[in-house]
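Structure data follow from start.txt (compact mmCIF, C-alpha atoms):
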```
# COMPACT_ATOMS: atom_id res chain seq x y z
CA MET A 102 -32.87 45.62 -9.11
CA GLN A 103 -33.73 44.60 -12.65
CA GLN A 104 -30.06 44.60 -13.51
CA ILE A 105 -29.16 42.38 -10.56
CA PHE A 106 -31.77 39.85 -11.65
CA ASN A 107 -30.54 40.03 -15.22
CA PHE A 108 -27.01 39.46 -14.03
CA LEU A 109 -28.06 36.47 -11.93
CA ILE A 110 -30.04 34.93 -14.78
CA ARG A 111 -27.26 35.49 -17.28
CA ASN A 112 -24.68 33.89 -15.00
CA LYS A 113 -26.86 31.20 -13.47
CA ASN A 114 -24.67 28.40 -14.80
CA ASN A 115 -21.49 29.93 -13.40
CA ILE A 116 -23.08 30.59 -10.02
CA LEU A 117 -24.48 27.08 -9.88
CA PHE A 118 -21.06 25.73 -10.83
CA LEU A 119 -19.26 27.70 -8.14
CA PHE A 120 -21.82 26.70 -5.51
CA LEU A 121 -21.62 22.99 -6.30
CA LEU A 122 -17.82 23.16 -6.53
CA ALA A 123 -17.61 24.78 -3.11
CA LEU A 124 -19.88 22.06 -1.75
CA SER A 125 -17.76 19.23 -3.15
CA VAL A 126 -14.49 20.81 -2.00
CA PHE A 127 -16.06 21.20 1.44
CA PHE A 128 -16.88 17.46 1.49
CA THR A 129 -13.34 16.68 0.35
CA ILE A 130 -11.73 18.76 3.09
CA GLN A 131 -14.03 17.15 5.63
CA THR A 132 -12.66 13.72 4.77
CA HIS A 133 -9.09 14.93 4.94
CA SER A 134 -9.50 16.21 8.47
CA PHE A 135 -9.37 13.16 10.67
CA HIS A 136 -11.89 12.28 13.36
CA LYS A 137 -14.54 14.80 12.44
CA SER A 138 -18.14 14.06 11.73
CA ARG A 139 -18.81 13.61 8.05
CA PHE A 140 -21.94 13.71 5.96
CA ILE A 141 -20.78 11.38 3.23
CA SER A 142 -19.99 7.84 4.25
CA SER A 143 -20.72 4.35 3.02
CA ALA A 144 -22.19 3.34 6.38
CA ASN A 145 -25.76 4.07 5.30
CA ALA A 146 -28.69 1.89 4.39
CA VAL A 147 -28.49 2.13 0.60
CA THR A 148 -24.77 1.56 0.06
CA GLY A 149 -24.59 -0.89 2.95
CA GLY A 150 -27.41 -2.90 1.40
CA VAL A 151 -25.80 -2.96 -2.05
CA TYR A 152 -22.42 -3.92 -0.64
CA SER A 153 -23.70 -6.70 1.61
CA TRP A 154 -25.66 -8.10 -1.32
CA THR A 155 -22.57 -8.28 -3.53
CA SER A 156 -20.33 -9.59 -0.77
CA ASP A 157 -22.78 -12.48 -0.33
CA ILE A 158 -21.80 -13.51 -3.85
CA LYS A 159 -18.10 -12.73 -3.53
CA ASP A 160 -17.68 -14.70 -0.31
CA TYR A 161 -18.45 -17.93 -2.13
CA LEU A 162 -15.36 -17.45 -4.24
CA TYR A 163 -13.10 -17.16 -1.19
CA LEU A 164 -14.70 -19.85 0.98
CA GLU A 165 -11.70 -22.14 0.68
CA GLU A 166 -9.25 -19.49 1.80
CA TYR A 167 -11.42 -18.41 4.73
CA ASN A 168 -11.75 -22.03 5.83
CA GLU A 169 -8.00 -22.43 5.66
CA ARG A 170 -7.54 -19.37 7.85
CA LEU A 171 -10.11 -20.57 10.40
CA LEU A 172 -8.43 -23.96 10.54
CA GLN A 173 -5.08 -22.30 11.18
CA GLU A 174 -6.54 -20.14 13.92
CA ASN A 175 -8.27 -23.10 15.54
CA LYS A 176 -5.00 -24.99 15.53
CA GLU A 177 -3.21 -22.13 17.27
CA LEU A 178 -5.98 -21.68 19.83
CA ARG A 179 -5.95 -25.40 20.60
CA ASN A 180 -2.20 -25.26 21.10
CA ILE A 181 -2.61 -22.41 23.57
CA LEU A 182 -5.41 -24.24 25.34
CA THR A 183 -3.32 -27.35 25.94
CA ASN A 184 -0.34 -25.27 27.01
CA LEU A 185 -2.54 -23.39 29.47
CA ASN A 186 -3.42 -26.62 31.25
CA ASP A 187 0.27 -27.42 31.60
CA THR A 188 1.30 -24.10 33.02
CA ILE A 189 -1.70 -23.44 35.18
CA SER A 190 0.45 -23.53 38.31
CA ILE A 191 2.65 -20.61 37.24
CA GLU A 192 1.16 -17.46 38.68
CA ASN A 193 1.13 -14.18 36.76
CA TYR A 194 1.75 -16.11 33.61
CA ARG A 195 0.99 -13.98 30.61
CA ASP A 196 2.11 -14.37 27.03
CA SER A 197 1.43 -12.14 24.10
CA THR A 198 -1.62 -14.06 22.96
CA SER A 199 -3.60 -14.14 26.20
CA PHE A 200 -5.63 -11.14 27.21
CA ASP A 201 -6.76 -9.97 30.59
CA GLY A 202 -10.43 -10.38 29.98
CA THR A 203 -11.11 -6.68 29.64
CA TYR A 204 -11.53 -7.13 25.90
CA TYR A 205 -14.69 -8.36 24.27
CA PHE A 206 -14.55 -9.79 20.75
CA ARG A 207 -17.34 -9.72 18.18
CA ALA A 208 -17.25 -11.33 14.73
CA ALA A 209 -18.15 -9.31 11.64
CA ARG A 210 -17.93 -9.58 7.88
CA VAL A 211 -16.19 -7.05 5.64
CA ILE A 212 -18.66 -6.10 2.93
CA ASN A 213 -16.59 -3.39 1.25
CA ASN A 214 -12.84 -2.98 1.21
CA ASN A 215 -10.63 -0.30 -0.35
CA TYR A 216 -6.87 -0.40 -0.58
CA ALA A 217 -5.85 1.38 -3.79
CA LYS A 218 -6.50 4.97 -2.67
CA ALA A 219 -4.56 7.24 -0.34
CA ASP A 220 -7.25 7.15 2.36
CA ASN A 221 -8.95 3.80 2.59
CA TYR A 222 -12.03 2.66 4.48
CA LEU A 223 -13.78 -0.65 5.01
CA THR A 224 -17.45 -1.28 5.66
CA ILE A 225 -18.52 -4.13 7.97
CA ASN A 226 -21.96 -5.64 8.43
CA GLN A 227 -22.32 -4.97 12.18
CA GLY A 228 -23.66 -1.77 13.65
CA GLU A 229 -25.12 -0.17 16.75
CA GLU A 230 -27.71 -2.96 17.04
CA ASN A 231 -24.82 -5.37 17.58
CA GLY A 232 -23.12 -3.13 20.14
CA ILE A 233 -20.45 -1.66 17.87
CA LYS A 234 -19.31 1.86 18.72
CA PRO A 235 -16.71 4.21 17.23
CA GLU A 236 -13.09 3.68 18.36
CA PHE A 237 -13.39 -0.10 18.56
CA GLY A 238 -10.43 -1.99 17.08
CA VAL A 239 -10.78 -4.32 14.11
CA VAL A 240 -8.43 -7.30 13.62
CA THR A 241 -8.21 -10.69 11.96
CA SER A 242 -6.40 -13.72 13.33
CA LYS A 243 -3.34 -12.58 11.36
CA GLY A 244 -3.18 -8.96 12.42
CA VAL A 245 -4.59 -5.48 12.79
CA ILE A 246 -7.03 -4.09 10.20
CA GLY A 247 -8.14 -0.71 11.51
CA ILE A 248 -10.37 1.27 13.86
CA VAL A 249 -14.16 1.75 13.73
CA ASP A 250 -14.98 5.29 12.69
CA ARG A 251 -18.69 5.71 11.99
CA VAL A 252 -21.61 3.54 13.00
CA ASN A 253 -25.24 3.37 12.00
CA SER A 254 -27.86 0.87 13.07
CA ARG A 255 -26.67 -2.01 10.90
CA PHE A 256 -23.30 -1.10 9.36
CA SER A 257 -20.02 0.44 10.48
CA ARG A 258 -17.21 2.14 8.65
CA VAL A 259 -13.64 1.24 9.58
CA ILE A 260 -10.59 3.41 8.99
CA SER A 261 -8.10 1.01 7.48
CA ILE A 262 -4.46 1.08 8.61
CA LEU A 263 -3.97 1.95 4.95
CA HIS A 264 -5.11 5.53 5.61
CA THR A 265 -2.60 8.38 5.47
CA GLU A 266 -3.99 9.87 8.69
CA SER A 267 -4.18 6.65 10.69
CA ARG A 268 -1.75 6.27 13.62
CA ILE A 269 -1.58 3.11 15.66
CA ASN A 270 0.75 2.52 18.59
CA ALA A 271 3.05 -0.41 17.78
CA GLN A 272 6.19 -1.94 19.21
CA LEU A 273 8.97 -4.41 18.50
CA SER A 274 7.78 -7.68 19.98
CA LYS A 275 11.25 -8.51 21.36
CA THR A 276 12.13 -5.37 23.25
CA ASN A 277 9.03 -3.19 23.76
CA HIS A 278 10.57 -0.19 21.97
CA PHE A 279 7.51 1.51 20.55
CA GLY A 280 6.61 3.86 17.71
CA SER A 281 3.68 4.96 15.54
CA LEU A 282 2.39 2.97 12.62
CA VAL A 283 1.59 5.16 9.58
CA TRP A 284 1.08 4.60 5.87
CA ASN A 285 2.68 6.59 3.05
CA GLY A 286 -0.05 5.76 0.54
CA ARG A 287 1.99 3.61 -1.83
CA ASP A 288 2.13 -0.18 -1.35
CA PRO A 289 -0.92 -1.82 0.35
CA ASN A 290 1.35 -4.53 1.78
CA LEU A 291 3.87 -2.18 3.43
CA VAL A 292 3.20 0.21 6.31
CA GLN A 293 5.76 2.40 8.08
CA LEU A 294 6.72 2.36 11.74
CA ILE A 295 8.20 5.74 12.69
CA ASP A 296 9.60 7.34 15.85
CA VAL A 297 11.40 4.19 17.01
CA PRO A 298 14.44 5.36 19.05
CA ARG A 299 17.87 4.50 17.64
CA GLN A 300 18.75 2.44 20.71
CA ALA A 301 16.24 -0.19 19.62
CA PRO A 302 17.83 -3.33 18.17
CA VAL A 303 16.03 -3.33 14.82
CA LYS A 304 16.61 -6.41 12.69
CA GLN A 305 15.17 -7.48 9.38
CA GLY A 306 12.40 -10.08 9.81
CA ASP A 307 11.56 -9.16 13.41
CA THR A 308 7.89 -9.07 14.36
CA ILE A 309 5.96 -5.87 15.05
CA THR A 310 3.00 -6.09 17.43
CA THR A 311 0.49 -3.63 18.87
CA GLY A 312 1.78 -1.60 21.80
CA GLY A 313 0.40 -1.36 25.29
CA ARG A 314 -0.20 2.38 25.10
CA SER A 315 -3.45 2.07 23.25
CA LEU A 316 -6.95 1.91 24.67
CA ILE A 317 -8.16 0.31 21.45
CA PHE A 318 -6.05 -2.79 20.89
CA PRO A 319 -4.80 -5.30 23.45
CA GLU A 320 -1.02 -5.47 23.72
CA GLY A 321 0.77 -8.04 21.60
CA LEU A 322 -1.51 -8.50 18.59
CA PRO A 323 0.60 -9.27 15.51
CA ILE A 324 0.93 -6.62 12.78
CA GLY A 325 3.78 -7.54 10.45
CA SER A 326 7.47 -8.20 10.05
CA ILE A 327 10.31 -5.77 9.35
CA GLU A 328 11.04 -5.52 5.64
CA ASP A 329 13.83 -2.90 5.75
CA TYR A 330 14.70 0.21 7.75
CA GLU A 331 16.67 3.44 7.69
CA MET A 332 17.43 6.45 9.91
CA ASP A 333 15.32 9.58 9.54
CA GLU A 334 16.90 12.97 8.73
CA SER A 335 17.78 13.80 12.33
CA GLY A 336 19.49 10.43 12.79
CA SER A 337 17.85 9.68 16.10
CA TYR A 338 14.82 7.68 15.01
CA TYR A 339 14.30 4.68 12.76
CA GLU A 340 11.86 4.59 9.88
CA ILE A 341 10.91 0.95 9.43
CA ASN A 342 9.03 -0.59 6.53
CA VAL A 343 6.71 -3.26 7.92
CA ARG A 344 5.31 -6.02 5.72
CA LEU A 345 1.80 -6.79 6.95
CA PHE A 346 0.85 -10.35 7.90
CA ASN A 347 -2.67 -9.63 6.63
CA ASP A 348 -3.37 -9.57 2.94
CA MET A 349 -5.23 -6.25 2.99
CA THR A 350 -6.64 -6.96 -0.46
CA ASN A 351 -8.59 -10.00 0.75
CA ILE A 352 -9.93 -9.80 4.28
CA GLY A 353 -13.31 -11.50 4.60
CA PHE A 354 -14.19 -12.00 8.26
CA VAL A 355 -12.86 -9.86 11.11
CA TYR A 356 -13.11 -9.51 14.88
CA VAL A 357 -14.20 -6.23 16.43
CA ILE A 358 -12.52 -5.62 19.79
CA GLU A 359 -14.21 -3.73 22.57
CA ASN A 360 -12.12 -2.54 25.50
CA VAL A 361 -14.60 -2.87 28.34
CA ASP A 362 -12.59 -0.65 30.67
CA ARG A 363 -12.02 2.08 28.13
CA ASP A 364 -14.53 4.58 29.50
CA LEU A 365 -13.30 4.06 33.07
CA ILE A 366 -9.68 4.68 32.04
CA LEU A 367 -10.62 7.66 29.91
CA SER A 368 -12.66 9.29 32.69
CA LEU A 369 -9.72 8.81 35.04
CA GLU A 370 -7.28 10.37 32.61
CA THR A 371 -9.44 13.36 31.80
CA GLN A 372 -10.24 14.18 35.42
CA ASP A 373 -7.14 16.32 35.86
CA GLU A 374 -7.81 18.57 32.92
CA MET B 1207 -37.50 13.03 -26.05
CA ASN B 1208 -38.93 10.48 -23.59
CA ASN B 1209 -36.62 7.93 -25.03
CA SER B 1210 -33.66 10.20 -24.28
CA ILE B 1211 -34.72 10.71 -20.64
CA LEU B 1212 -35.19 6.99 -20.20
CA SER B 1213 -31.86 6.02 -21.72
CA ASN B 1214 -29.97 8.69 -19.75
CA THR B 1215 -31.55 7.57 -16.47
CA ALA B 1216 -30.68 3.97 -17.21
CA ARG B 1217 -27.14 4.99 -18.13
CA PHE B 1218 -26.79 7.05 -14.92
CA ILE B 1219 -27.77 4.17 -12.63
CA GLY B 1220 -26.11 1.48 -14.71
CA LEU B 1221 -22.78 3.28 -14.84
CA ILE B 1222 -22.75 3.96 -11.08
CA LEU B 1223 -23.41 0.29 -10.30
CA LEU B 1224 -20.87 -0.88 -12.88
CA GLN B 1225 -18.28 1.50 -11.43
CA VAL B 1226 -18.67 0.70 -7.73
CA LEU B 1227 -19.32 -3.02 -8.04
CA ILE B 1228 -16.81 -4.02 -10.71
CA LEU B 1229 -14.46 -1.35 -12.01
CA ASN B 1230 -13.37 0.00 -8.60
CA ASN B 1231 -12.15 -3.47 -7.68
CA ILE B 1232 -9.86 -3.97 -10.66
CA ASN B 1233 -6.77 -2.26 -9.16
CA PHE B 1234 -4.56 -3.24 -12.08
CA LEU B 1235 -0.87 -3.17 -10.99
CA GLY B 1236 -2.01 -2.11 -7.53
CA TYR B 1237 -3.61 1.25 -8.23
CA ILE B 1238 -4.84 1.63 -11.81
CA ASN B 1239 -8.62 1.75 -12.09
CA PRO B 1240 -10.72 2.82 -15.07
CA TYR B 1241 -13.39 5.42 -14.32
CA LEU B 1242 -15.86 4.51 -17.03
CA TYR B 1243 -18.74 6.50 -15.49
CA VAL B 1244 -17.27 9.57 -17.24
CA LEU B 1245 -19.11 8.09 -20.23
CA PHE B 1246 -22.30 9.68 -18.87
CA ILE B 1247 -20.74 13.14 -19.13
CA LEU B 1248 -19.38 12.36 -22.60
CA LEU B 1249 -22.69 11.09 -23.97
CA TYR B 1250 -25.19 13.47 -22.34
CA PRO B 1251 -27.15 15.25 -25.14
CA PHE B 1252 -25.06 18.16 -26.42
CA ASN B 1253 -27.94 20.61 -26.81
CA ALA B 1254 -29.56 19.97 -23.39
CA ASN B 1255 -29.97 22.48 -20.56
CA GLN B 1256 -26.54 23.23 -19.08
CA SER B 1257 -27.70 23.97 -15.50
CA PHE B 1258 -29.51 20.67 -15.22
CA PHE B 1259 -26.48 18.93 -16.68
CA LEU B 1260 -24.23 20.47 -13.99
CA ILE B 1261 -26.55 19.23 -11.23
CA LEU B 1262 -26.69 15.76 -12.77
CA ALA B 1263 -22.90 15.58 -13.06
CA PHE B 1264 -22.56 16.65 -9.43
CA LEU B 1265 -25.05 13.98 -8.31
CA LEU B 1266 -23.27 11.35 -10.40
CA GLY B 1267 -19.94 12.13 -8.73
CA LEU B 1268 -21.51 12.35 -5.27
CA SER B 1269 -23.13 8.91 -5.66
CA ILE B 1270 -19.73 7.40 -6.49
CA ASP B 1271 -18.24 9.28 -3.52
CA ILE B 1272 -20.81 7.87 -1.10
CA PHE B 1273 -20.00 4.35 -2.21
CA GLU B 1274 -16.27 5.03 -2.15
CA ASP B 1275 -16.08 7.03 1.10
CA SER B 1276 -14.01 9.63 -0.70
CA GLY B 1277 -15.72 12.83 0.41
CA GLY B 1278 -16.38 15.01 -2.63
CA ILE B 1279 -13.53 14.26 -5.00
CA HIS B 1280 -15.60 12.53 -7.69
CA ALA B 1281 -18.30 15.18 -7.41
CA ALA B 1282 -15.77 17.98 -7.95
CA ALA B 1283 -14.07 16.21 -10.85
CA CYS B 1284 -17.38 15.45 -12.61
CA LEU B 1285 -18.63 18.97 -12.03
CA ILE B 1286 -15.55 20.58 -13.57
CA ALA B 1287 -15.59 18.14 -16.50
CA ALA B 1288 -19.25 19.00 -17.13
CA PHE B 1289 -18.57 22.73 -16.79
CA VAL B 1290 -15.79 22.78 -19.40
CA ARG B 1291 -17.60 20.43 -21.76
CA PRO B 1292 -19.16 23.14 -24.03
CA ASN B 1293 -15.71 24.67 -24.59
CA LEU B 1294 -14.19 21.28 -25.35
CA LEU B 1295 -17.03 20.47 -27.75
CA ARG B 1296 -16.37 23.73 -29.59
CA PHE B 1297 -12.66 22.98 -29.61
CA SER B 1298 -13.02 19.43 -30.93
CA PHE B 1299 -15.96 19.66 -33.30
CA GLY B 1300 -15.74 23.29 -34.47
CA VAL B 1301 -18.15 26.17 -33.91
CA SER B 1302 -21.08 24.53 -35.61
CA TYR B 1303 -21.69 21.95 -32.91
CA ASP B 1304 -24.46 23.61 -30.92
CA HIS B 1305 -26.71 24.50 -33.82
CA GLN B 1306 -26.79 21.02 -35.25
CA ASN B 1307 -28.00 18.05 -33.34
CA ILE B 1308 -24.80 16.07 -33.84
CA LYS B 1309 -24.30 12.57 -32.48
CA LEU B 1310 -20.98 11.47 -31.01
CA SER B 1311 -20.95 8.36 -33.19
CA ALA B 1312 -21.35 10.44 -36.37
CA THR B 1313 -18.23 12.57 -35.85
CA PRO B 1314 -14.80 12.00 -37.38
CA PHE B 1315 -12.62 9.69 -35.29
CA GLY B 1316 -9.85 12.24 -34.66
CA ALA B 1317 -12.23 14.87 -33.29
CA ARG B 1318 -14.02 12.27 -31.18
CA LEU B 1319 -10.73 11.00 -29.74
CA SER B 1320 -9.53 14.50 -28.79
CA TYR B 1321 -12.88 15.22 -27.09
CA ILE B 1322 -12.79 11.97 -25.08
CA LEU B 1323 -9.12 12.37 -24.22
CA LEU B 1324 -9.47 15.97 -22.98
CA ILE B 1325 -12.49 15.29 -20.77
CA VAL B 1326 -10.97 12.13 -19.32
CA LEU B 1327 -7.62 13.83 -18.62
CA ILE B 1328 -9.24 16.84 -16.93
CA HIS B 1329 -11.53 14.62 -14.87
CA HIS B 1330 -8.75 12.26 -13.74
CA PHE B 1331 -6.26 15.00 -12.97
CA ILE B 1332 -8.71 16.81 -10.68
CA LEU B 1333 -9.81 13.52 -9.14
CA PHE B 1334 -6.31 12.42 -8.18
CA SER B 1335 -5.10 15.87 -7.10
CA LEU B 1336 -8.01 16.13 -4.69
CA GLU B 1337 -7.47 12.57 -3.52
CA MET B 1338 -3.82 13.20 -2.63
CA PHE B 1339 -4.50 16.78 -1.57
CA SER B 1340 -0.83 17.72 -1.32
CA LEU B 1341 1.69 19.19 -3.73
CA SER B 1342 4.46 16.89 -2.56
CA HIS B 1343 2.76 13.93 -4.24
CA ILE B 1344 2.48 15.65 -7.63
CA ILE B 1345 4.51 12.94 -9.41
CA LEU B 1346 2.24 10.21 -8.04
CA VAL B 1347 -0.79 12.26 -9.13
CA LEU B 1348 0.54 12.63 -12.67
CA LYS B 1349 1.46 8.95 -12.85
CA LYS B 1350 -1.98 7.87 -11.67
CA THR B 1351 -3.65 10.33 -14.07
CA LEU B 1352 -1.66 9.06 -17.04
CA PHE B 1353 -2.15 5.34 -16.49
CA SER B 1354 -5.77 5.50 -15.39
CA SER B 1355 -6.59 7.81 -18.30
CA ILE B 1356 -5.15 5.36 -20.81
CA PHE B 1357 -7.25 2.59 -19.24
CA THR B 1358 -10.41 4.71 -19.17
CA VAL B 1359 -10.03 5.98 -22.75
CA ILE B 1360 -9.58 2.45 -24.07
CA LEU B 1361 -12.70 1.30 -22.20
CA VAL B 1362 -14.71 4.33 -23.35
CA ILE B 1363 -13.80 3.76 -27.00
CA LEU B 1364 -14.54 0.04 -26.69
CA SER B 1365 -17.93 0.60 -25.10
CA LEU B 1366 -18.80 3.32 -27.62
CA SER B 1367 -18.08 1.00 -30.53
CA LEU B 1368 -19.79 -1.90 -28.75
CA PHE B 1369 -23.04 -0.02 -28.20
CA SER B 1370 -23.10 2.13 -31.34
CA LYS B 1371 -26.25 1.66 -33.38
CA LYS B 1372 -24.49 2.22 -36.67
CA TYR B 1373 -23.82 -1.04 -38.46
CA ARG B 1374 -21.35 -0.89 -41.27
```
Have the structure of the file written as structure tokens, please.
Amino acid sequence: MQQIFNFLIRNKNNILFLFLLALSVFFTIQTHSFHKSRFISSANAVTGGVYSWTSDIKDYLYLEEYNERLLQENKELRNILTNLNDTISIENYRDSTSFDGTYYFRAARVINNNYAKADNYLTINQGEENGIKPEFGVVTSKGVIGIVDRVNSRFSRVISILHTESRINAQLSKTNHFGSLVWNGRDPNLVQLIDVPRQAPVKQGDTITTGGRSLIFPEGLPIGSIEDYEMDESGSYYEINVRLFNDMTNIGFVYVIENVDRDLILSLETQDE
Amino acid sequence: MNNSILSNTARFIGLILLQVLILNNINFLGYINPYLYVLFILLYPFNANQSFFLILAFLLGLSIDIFEDSGGIHAAACLIAAFVRPNLLRFSFGVSYDHQNIKLSATPFGARLSYILLIVLIHHFILFSLEMFSLSHIILVLKKTLFSSIFTVILVILSLSLFSKKYR
């Protein structure tokens, strides 16, 4: 017994080291496995408070750009509004920018934004108190940002599309050929659209939008334009580099999208299992 | 003694805030960030209790991780850097380091540089390997380690000379 204690005391530093190392590696592996509950996240009171305090200051520096973006969006919305009055007689009219009313939009402010790492997250200043829940989509007027991942009472964490594990259903806006949007961890302005069948007429400069096979985003939200493309190894699918419309390094204000019918659809789909 | 506790606490909090509020947003050339908070591990008193130092280094890394949403990668990197520090001290400053109360600013420049360089390289390499977490990205890991280390070492040396109390 004495010897065991002596051994423990002699090696206390090594044991402490191994214990703490195991703990930190455990945290690391937790973050690399997608969609699992995590202990360590920036959606908590302390870090959320610090980040919202600094973003108060930072937002002043970008006011002009945000105003510009709002003006642009207002202009587009006004155009749609006037066009709607003209075409009100056409039944079943639906273009890519009008939604069916099953989506509810909330405004939020990005208070922390990462884009230089392999797995990036954003923090926004809306939480459970404002009705935000996990799996809500996050967009700006220019395009898709990510998906809400963790929520506390006042802040939420968003998995950016610049996350190596993120997969978002996307399609070519012209032809509805769809694929998955992933990120290879390199350039924050380029994401990759994979699994697009070779029959699809892929052309440089074409627009990529969100697909209809997602319960998170409405169909037809803009994402980016095709930068270049090549065949994958098997030769049956395209790998397309997509240049994002959003400047992921400067986001500012976002909309959080709630799909009101999501639970109904999900309960229907899981009934068979 | 009290003075040392006070200055280390201030350095701990100050470096975390400096890192998460300013340095993590630099992103020079897209991905190069300095990780100046390693300075805490470099400057922590050489003759202090090693177990407590390990816990402090772990907490330092974990605080950065919570702000950064990066799991435990900073905690692991800091912990390993703190764990190997006695060996690196012996390597850089010779065997006599732990019996004398030496100050980092009073050591020869070559020895100081090798000590800073080794700790920063070890810390950054572990940090980026855990961040990528795959062997297929080893070139990217090495590239990030190299460039970020250069940036960090320059900042560490600048801040050491900026805050050194020795006027000459």
*asked:* Using all atoms listed in the file and a cut-off of 9 Å, which residues of chain A sit close to chain B? Please list them as a PyMOL selection string.
replied: chain A and resi 113-115+117-118+121-133+139-145+148-149+151-152+155+214-223+286-289
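Rounded to one decimal, atom CA of Gly150 of chain A and atom CA of Arg258 of chain A lie 13.5 Å from each other.
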*asked:* As an exercise, work out the distance from atom CA of Trp154 of chain A to atom CA of Ile212 of chain A in Å and give it to one decimal place.
replied: 8.4 Å
*asked:* Give me the residues near Arg363 of chain A as a ChimeraX atom specification, where near means some atom within 9 Å (using only C-alpha atoms) and where sequence neighbours in that chain fewer than 6 positions away do not count.
replied: /A:203,316-317
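With atom CA of Ala208 of chain A on one side and atom CA of Phe354 of chain A on the other, the separation reads 7.2 Å.
Counting all atoms listed in the file and comparing B:Leu1361, B:Asn1253, B:Asn1214, B:Leu1366, the residue that lies closest to Val1326 of chain B is B:Leu1361.
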*Residue neighbourhood Gly228 of chain A, 7 Å, only C-alpha atoms, exclusion window fewer than 3 positions, as a PyMOL selection string*: chain A and resi 231-233+252-257
*Using only C-alpha atoms: which of B:Leu1319, B:Leu1324, B:Ala1312, B:Leu1221 has the shortest distance to Arg1291 of chain B*: B:Leu1324
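For segment 326-337 of chain A, the set of protein, DNA and RNA residues having any atom at most 10 Å away, when counting all atoms listed in the file and skipping those fewer than 5 positions along the same chain, is Leu273, Ser274, Leu291, Val292, Gln293, Leu294, Ile295, Asp296, Val297, Pro298, Arg299, Gln300, Val303, Lys304, Gln305, Gly306, Asp307, Thr308, Ile309, Thr310, Asn342, Val343, Arg344, Leu345 and Phe346 of chain A.
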Would you output that residue set with C-alpha atoms, as an mmCIF file, keeping the file's coordinate frame?
```cif
data_model
loop_
_atom_site.group_PDB
_atom_site.id
_atom_site.type_symbol
_atom_site.label_atom_id
_atom_site.label_comp_id
_atom_site.auth_asym_id
_atom_site.auth_seq_id
_atom_site.Cartn_x
_atom_site.Cartn_y
_atom_site.Cartn_z
ATOM 1 C CA LEU A 273 8.970 -4.410 18.500
ATOM 2 C CA SER A 274 7.780 -7.680 19.980
ATOM 3 C CA LEU A 291 3.870 -2.180 3.430
ATOM 4 C CA VAL A 292 3.200 0.210 6.310
ATOM 5 C CA GLN A 293 5.760 2.400 8.080
ATOM 6 C CA LEU A 294 6.720 2.360 11.740
ATOM 7 C CA ILE A 295 8.200 5.740 12.690
ATOM 8 C CA ASP A 296 9.600 7.340 15.850
ATOM 9 C CA VAL A 297 11.400 4.190 17.010
ATOM 10 C CA PRO A 298 14.440 5.360 19.050
ATOM 11 C CA ARG A 299 17.870 4.500 17.640
ATOM 12 C CA GLN A 300 18.750 2.440 20.710
ATOM 13 C CA VAL A 303 16.030 -3.330 14.820
ATOM 14 C CA LYS A 304 16.610 -6.410 12.690
ATOM 15 C CA GLN A 305 15.170 -7.480 9.380
ATOM 16 C CA GLY A 306 12.400 -10.080 9.810
ATOM 17 C CA ASP A 307 11.560 -9.160 13.410
ATOM 18 C CA THR A 308 7.890 -9.070 14.360
ATOM 19 C CA ILE A 309 5.960 -5.870 15.050
ATOM 20 C CA THR A 310 3.000 -6.090 17.430
ATOM 21 C CA ASN A 342 9.030 -0.590 6.530
ATOM 22 C CA VAL A 343 6.710 -3.260 7.920
ATOM 23 C CA ARG A 344 5.310 -6.020 5.720
ATOM 24 C CA LEU A 345 1.800 -6.790 6.950
ATOM 25 C CA PHE A 346 0.850 -10.350 7.900
#
```
*Would you mind listing what lies within 6 Å of segment 1352-1359 of chain B as a PyMOL selection string, with only C-alpha atoms counted and same-chain residues fewer than 3 positions away left out?*
chain B and resi 1238-1242+1349+1362
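If you measure from each of B:Gln1225, B:Ser1210, B:Thr1351, B:Ser1320 to Leu1249 of chain B using all atoms listed in the file, the closest one turns out to be B:Ser1210.
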Contacts of Asn270 of chain A at 12 Å or less, counting only C-alpha atoms, minus same-chain residues fewer than 6 places along, as a short mmCIF file (atom, residue, chain, number, x, y, z; two decimals) with C-alpha atoms, in the frame of the given file?
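Contents of around.cif, as written:
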```cif
data_model
loop_
_atom_site.label_atom_id
_atom_site.label_comp_id
_atom_site.auth_asym_id
_atom_site.auth_seq_id
_atom_site.Cartn_x
_atom_site.Cartn_y
_atom_site.Cartn_z
CA VAL A 245 -4.59 -5.48 12.79
CA GLY A 247 -8.14 -0.71 11.51
CA ILE A 262 -4.46 1.08 8.61
CA ASN A 277 9.03 -3.19 23.76
CA HIS A 278 10.57 -0.19 21.97
CA PHE A 279 7.51 1.51 20.55
CA GLY A 280 6.61 3.86 17.71
CA SER A 281 3.68 4.96 15.54
CA LEU A 282 2.39 2.97 12.62
CA VAL A 283 1.59 5.16 9.58
CA GLN A 293 5.76 2.40 8.08
CA LEU A 294 6.72 2.36 11.74
CA ILE A 295 8.20 5.74 12.69
CA ASP A 296 9.60 7.34 15.85
CA VAL A 297 11.40 4.19 17.01
CA ILE A 309 5.96 -5.87 15.05
CA THR A 310 3.00 -6.09 17.43
CA THR A 311 0.49 -3.63 18.87
CA GLY A 312 1.78 -1.60 21.80
CA GLY A 313 0.40 -1.36 25.29
CA ARG A 314 -0.20 2.38 25.10
CA SER A 315 -3.45 2.07 23.25
CA LEU A 316 -6.95 1.91 24.67
CA ILE A 317 -8.16 0.31 21.45
CA PHE A 318 -6.05 -2.79 20.89
CA PRO A 319 -4.80 -5.30 23.45
CA GLU A 320 -1.02 -5.47 23.72
CA GLY A 321 0.77 -8.04 21.60
CA LEU A 322 -1.51 -8.50 18.59
CA ILE A 324 0.93 -6.62 12.78
#
```
